[in-house]
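Beneath this line is the structure, given in structure tokens, with notes to follow.
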Amino acid sequence: MGLTIAQKIIKAHLISGEMQVGNEIALRIDQTLTQDATGTMAYLEFEAMGIDRVRTERSVAYIDHNTLQSGFENADDHRYIQSVTKKHGIYFSRPGNGICHQVHLERFGIPGKTLIGSDSHTPTGGGIGMLAFGAGGLDVAVAMGGGAYYITMPKMIKVNLTGKLRPFVTAKDVSLEILRILSVKGGVGSIIEWGGEGIASLSVPERATITNMGTELGATTSIFPSDEVTRAFLKAEGREADYTPLASDPDAVYDRVIDIDLSALKPLIACPHMPDNVVTVESLKGTKVDQVCIGSCTNSSLLDLLKVAALLKGKTVDPRVSLSISPGSRQVLTMLADCGALSDILASGARVLECACGPCIGMGFSPNSESVSLRTFNRNFEGRSGTKDAKVYLVSPETAVAAALTGEITDPILLGEMPAITMPEAFKVDDSAILAPAQPEEAAEVEVLRGPNIKKFPESRPQKDCLSAELVLKVGDNITTDHIMPAGAKILPYRSNIPYLSKFCFAVCDESFAERALAAGESIIVGGTNYGQGSSREHAALVPLYLGVRAVVAKGFARIHAANLINAGIMPLTFQNANDYDKLGQGDKLSISGVWEGMDTGVMTLLNEATGERIPVTCSFTNRQKDILKAGGLLAYTRSNI
Ligand code: MIC
Ligand code: SF4
């Protein structure tokens with residue numbers, strides 16, 4: 001039987017486990033990346049493991065999230081990351097050099113290699129044929145130390161593209177179309193491979209837009225073949241030597257095949273507050289728009305912004321709209337400047353922001369109250385923009401420009417003719433903002449500089465055989481990590497200060513949560529389906545750990561968050577019968593006796609001491625995961641195994 005692209009890469013990197021759907025497999029990791037909002041923690045964890053130098057082929061630290069230095073905290077964390085990476089063999093991409101996924105694609109991505117990153121959009125690398133996963137910081141720390149990365153062997157979904165995109169219909173619309181078809185849960189447990197004759201007309205940045213948003217499907221990752229388009233991109237980056245062709249076998253078997261005819265697609269838009277809430281742009285025409293943001297790791301490539309500049313050229317942004325543009329990298333910004341496109345953007349009245357995540361993670365540029373904000377980003381979760389009552393829509397750069405120029409949601413097809421864009425044959429390569437680490441013989445001399453914002457990790461709490469805890473919070477379906485541990489300009493600077501962060505845990509849903517959890521001592525959270533979707537931030541597990549949460553019982557979990565809970569020593573448990581969710585109420589006293597046995601049999605009984613009700617909950621922990629939970633988390637487990 002033939003293999004899919006992902007199966008081939010997995011096979012070549014398999015350390016242990018059988019490649020059968022549902023089995024735990026361990027993979028050798030070639031490259032890692034971190035960003036600063038998760039990186040500080042990841043490097044503290046790496047240091048705690050006591051390994052001198054990274055054992056990967058390439059590890060890179062990016063500073064792109066916390067670039068709004070409104071106090072000493074971010075600057076101190078950046079200085080810490082710069083020094084700790086220099087000491088331990090990691091490349092350091094300076095603040096302003098760009099968004100991790102965009103820069104990694106440009107400068108480091110290699111087809112056929114494995115990559116894990118402490119950011120959920122790491123699958124962007126699939127656009128260049130990498131097998132790239134988002135992971136918790138601790139998993140990245142372990143991989144930097146040469147340890148394996150564990151995943152559950154996923155199913156394989158193939159999306160077959162035929163035809164060709166019409167003008168003003170873009171890769172972003174392809175992403176929104178697959179979200180419409182599959183929903184934010186539809187990719188869970190699967191790798192999505194994009195293929196078919198239609199991919200030949202998609203450039204690497206367009207492919208990367210699609211693999212980037214595969215994260216919103218809940219997919220383990222997404223991948224494109226590596227072909228002549230990939231070679232051309234690598235050549236333009238001066239890295240043709242990194243090219244290897246990659247394709248699935250003709251007789252590869254997929255669990256599901258989805259066909260999309262590119263020529264039939266229309267401009268699409270995701271409505272508040274979920275990326276899968278997709279309708280046609282046309283159906284919302286005339287809706288007044290207050291803000292438009294172009295950028296993020298989804299849509300900030302040179303190709304995207306050349307199109308934006310060409311459409312804005314000679315025109316002015318509608319007076320009711322505030323338009324921001326954040327280029328994905330310094331390479332993109334420099335090339336826009338060199339060809340004059342930047343002047344066209346500036347002349348239109350757009351506000352050009354730094355090459356960083358910026359508004360995508362609520363780092364500035366929050367929209368006004370009750371506003372409508374159109375963004376080319378990948379997430380529109382409630383409150384993520386920093387304005388709780390704002391209505392955020394997700395669109396392509398073309399649709400964004402149409403709204404910025406007219407002041408209302410407008411089908412970009414009405415903009416007239418799409419100006420022809422010629423991509424340069426070579427990108428302008430300048431790696432001066434990527435600092436190489438110290439040579440091994442000089443590493444001992446490098447001093448690691450820590451600021452006062454870095455506080456201790458929460459104490460590890462080994463699981464016990466009998467658990468008795470209060471149900472401190474009951475939430476519904478699709479709870480995101482932005483609900484559990486919000487980001488934004490006010491909170492993000494404290495990513496290395498768990499006690500301070502804890503005050504904001506679940507504040508979007510329930511402002512008294514943190515206080516009640518602390519008072520309860522040991523507690524349990526109850527959730528609906530797809531609990532923990534969104535970000536890879538391990539803070540969404542470490543903070544609950546700090547607050548005493550011992551287990552989360554839900555109808556289902558998002559992959560990275562479930563792994564982060566286990567890494568933190570918290571048990572993710574699933575209702576055997578989803579209806580039992582209704583039998584539990586906030587404030588109930590719950591207990592589980594026989595946790596050890598339940599870990600082995602896969603079923604535990606949750607006793608509701610208030611009603612006497614016995615509720616079966618299930619788990620499928622591997623032996624390694626049981627040991628991690630018994631040790632009180634991956635760090636404690638790794639330490640005891642070194
Ligand atoms: C996000 O898009 O939510 C983030 C911010 O990039 C996160 C990482 C984080 O919380 O630091 C992600 O996607 O993993
Ligand atoms: Fe940054 Fe937004 Fe991409 Fe997350 S989704 S990495 S915050 S640009």
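Ordering of the structure tokens sets the chain letters (A, B, ...), residue numbers begin anew at 1 in every chain, and ligands are numbered from 1 in the order given.
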So that I can check the surroundings of region 122-138 of chain A, please list as a compact mmCIF listing (two decimals) with C-alpha atoms, in the first residue's frame every protein, DNA and RNA residue that reaches within 6 Å of it, counting only C-alpha atoms and ignoring chain neighbours fewer than 4 positions away.
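Result saved to selection20.txt:
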# COMPACT_ATOMS: atom_id res chain seq x y z
CA ALA A 42 9.98 27.09 27.06
CA PRO A 111 10.70 20.19 2.72
CA GLY A 112 10.55 16.76 4.32
CA LYS A 113 11.86 17.91 7.71
CA THR A 114 9.94 17.81 11.00
CA LEU A 115 9.34 21.03 12.91
CA ILE A 116 7.62 21.70 16.20
CA GLY A 117 6.92 25.18 17.47
CA SER A 118 5.44 26.63 20.63
CA VAL A 204 4.26 28.89 -1.52
CA ARG A 207 -0.13 27.41 0.26
CA ALA A 208 1.13 28.67 3.60
CA THR A 211 -1.78 25.31 6.00
CA ASN A 212 -1.73 28.14 8.55
CA THR A 221 -1.25 19.58 10.77
CA SER A 222 -1.64 20.31 7.05
CA ILE A 223 0.82 19.76 4.24
CA PHE A 224 1.40 20.43 0.54
CA PRO A 225 3.68 18.43 -1.75
CA SER A 226 7.11 19.85 -2.49
CA SER A 536 -0.77 26.23 21.93
CA GLU A 538 0.74 26.05 27.87
CA ILE A 560 -2.54 20.54 21.81
CA ASN A 564 -0.56 20.57 27.62
Practice task
From the DSSP assignment of the backbone, select every residue of region 423-599 of chain A that is strand (DSSP E or B), and format the answer as a ChimeraX atom specification.
Solution key: /A:434-435,466-474,480,523-526,531,533,549-554,557,571-575,589-593
Problem - Selection as a PyMOL selection string: residues within 7 Å of ligand 1 by only C-alpha atoms and all ligand atoms - result: chain A and resi 37-38+65+118-121+134+361+487+534-537
Handout entry: Shortest interatomic distance to ligand 2 - which of A:Val395, A:Val281, A:Cys297, A:Val142, counting only C-alpha atoms and all ligand atoms
Key =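 Closest to ligand 2, using only C-alpha atoms and all ligand atoms: A:Cys297.
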Exercise for the section: For CA of Gln82 (chain A) and CA of Arg639 (chain A), quote the distance in Å rounded to one decimal. Expected result: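 Atom-to-atom, CA of Gln82 (chain A) to CA of Arg639 (chain A), that is 24.7 Å.
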Fill in the blank from the handout: Across A:Pro205, A:Pro167, A:Gly527, A:Gly2, the smallest distance to Ala252 (chain A), with only C-alpha atoms counted, is shown by A:Gly2
Practice task
May I have the residues within 9 Å of region 168-178 of chain A as a VMD selection string, using only C-alpha atoms and disregarding those fewer than 2 positions away in the same chain?
Solution key: chain A and resid 159 165 to 166 180 to 183 202 206 to 214 217 260 262 to 263 265 to 270 275 to 279 298 to 299 376 394 to 399 411 to 413 415 418
Problem - Which residue of A:Tyr91, A:Tyr150, A:Phe381, A:Trp194 approaches ligand 2 most closely, using only C-alpha atoms and all ligand atoms - result: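 The shortest atom-to-atom distance to ligand 2 comes from A:Phe381.
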Could you give me, as an mmCIF file with N, CA and C atoms, in the first residue's frame, the residues within 9 Å of Val603 (chain A), counting only C-alpha atoms and dropping anything in the same chain fewer than 3 positions from it?
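The resulting file, part13.cif, is shown below:
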data_model
loop_
_atom_site.group_PDB
_atom_site.id
_atom_site.type_symbol
_atom_site.label_atom_id
_atom_site.label_comp_id
_atom_site.auth_asym_id
_atom_site.auth_seq_id
_atom_site.Cartn_x
_atom_site.Cartn_y
_atom_site.Cartn_z
ATOM 1 N N GLN A 576 -18.301 9.626 29.266
ATOM 2 C CA GLN A 576 -18.622 8.450 28.441
ATOM 3 C C GLN A 576 -19.951 8.713 27.702
ATOM 4 N N GLU A 597 -6.342 2.700 38.937
ATOM 5 C CA GLU A 597 -6.983 1.612 38.207
ATOM 6 C C GLU A 597 -7.696 2.167 36.968
ATOM 7 N N GLY A 598 -8.348 3.317 37.158
ATOM 8 C CA GLY A 598 -9.069 3.942 36.049
ATOM 9 C C GLY A 598 -8.140 4.301 34.898
ATOM 10 N N MET A 599 -6.919 4.709 35.239
ATOM 11 C CA MET A 599 -5.962 5.040 34.167
ATOM 12 C C MET A 599 -5.666 3.783 33.346
ATOM 13 N N ASP A 600 -5.655 2.606 34.022
ATOM 14 C CA ASP A 600 -5.367 1.365 33.304
ATOM 15 C C ASP A 600 -6.567 0.854 32.521
ATOM 16 N N PRO A 616 -19.743 7.827 34.592
ATOM 17 C CA PRO A 616 -18.522 7.242 34.021
ATOM 18 C C PRO A 616 -17.778 8.243 33.120
ATOM 19 N N VAL A 617 -16.494 8.373 33.353
ATOM 20 C CA VAL A 617 -15.673 9.237 32.489
ATOM 21 C C VAL A 617 -14.518 8.401 31.957
ATOM 22 N N THR A 618 -14.067 8.718 30.741
ATOM 23 C CA THR A 618 -13.060 7.858 30.127
ATOM 24 C C THR A 618 -11.750 8.603 29.904
ATOM 25 N N CYS A 619 -10.695 7.808 29.731
ATOM 26 C CA CYS A 619 -9.388 8.381 29.400
ATOM 27 C C CYS A 619 -8.651 7.330 28.587
ATOM 28 N N SER A 620 -7.657 7.763 27.815
ATOM 29 C CA SER A 620 -6.860 6.741 27.116
ATOM 30 C C SER A 620 -5.402 7.159 27.217
#
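Excluding Arg351 (chain A) itself and same-chain residues fewer than 5 positions from it, the residues having an atom within 9 Å of it are A:Ser322, A:Leu323, A:Ser324, A:Ile325, A:Ser326, A:Ile345, A:Leu346, counting only C-alpha atoms.
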May I have the residues from that selection written out with C-alpha atoms, as a PDB file, in the first residue's frame?
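Once written, out-v3.pdb looks like this:
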ATOM      1  CA  SER A 322      -9.020  52.899  10.419  1.00  0.00           C
ATOM      2  CA  LEU A 323      -6.754  50.676   8.313  1.00  0.00           C
ATOM      3  CA  SER A 324      -3.639  48.963   9.694  1.00  0.00           C
ATOM      4  CA  ILE A 325      -1.086  46.990   7.748  1.00  0.00           C
ATOM      5  CA  SER A 326       1.533  44.829   9.475  1.00  0.00           C
ATOM      6  CA  ILE A 345       0.152  52.133   0.978  1.00  0.00           C
ATOM      7  CA  LEU A 346       1.125  55.214   3.001  1.00  0.00           C
TER       8      LEU A 346
END
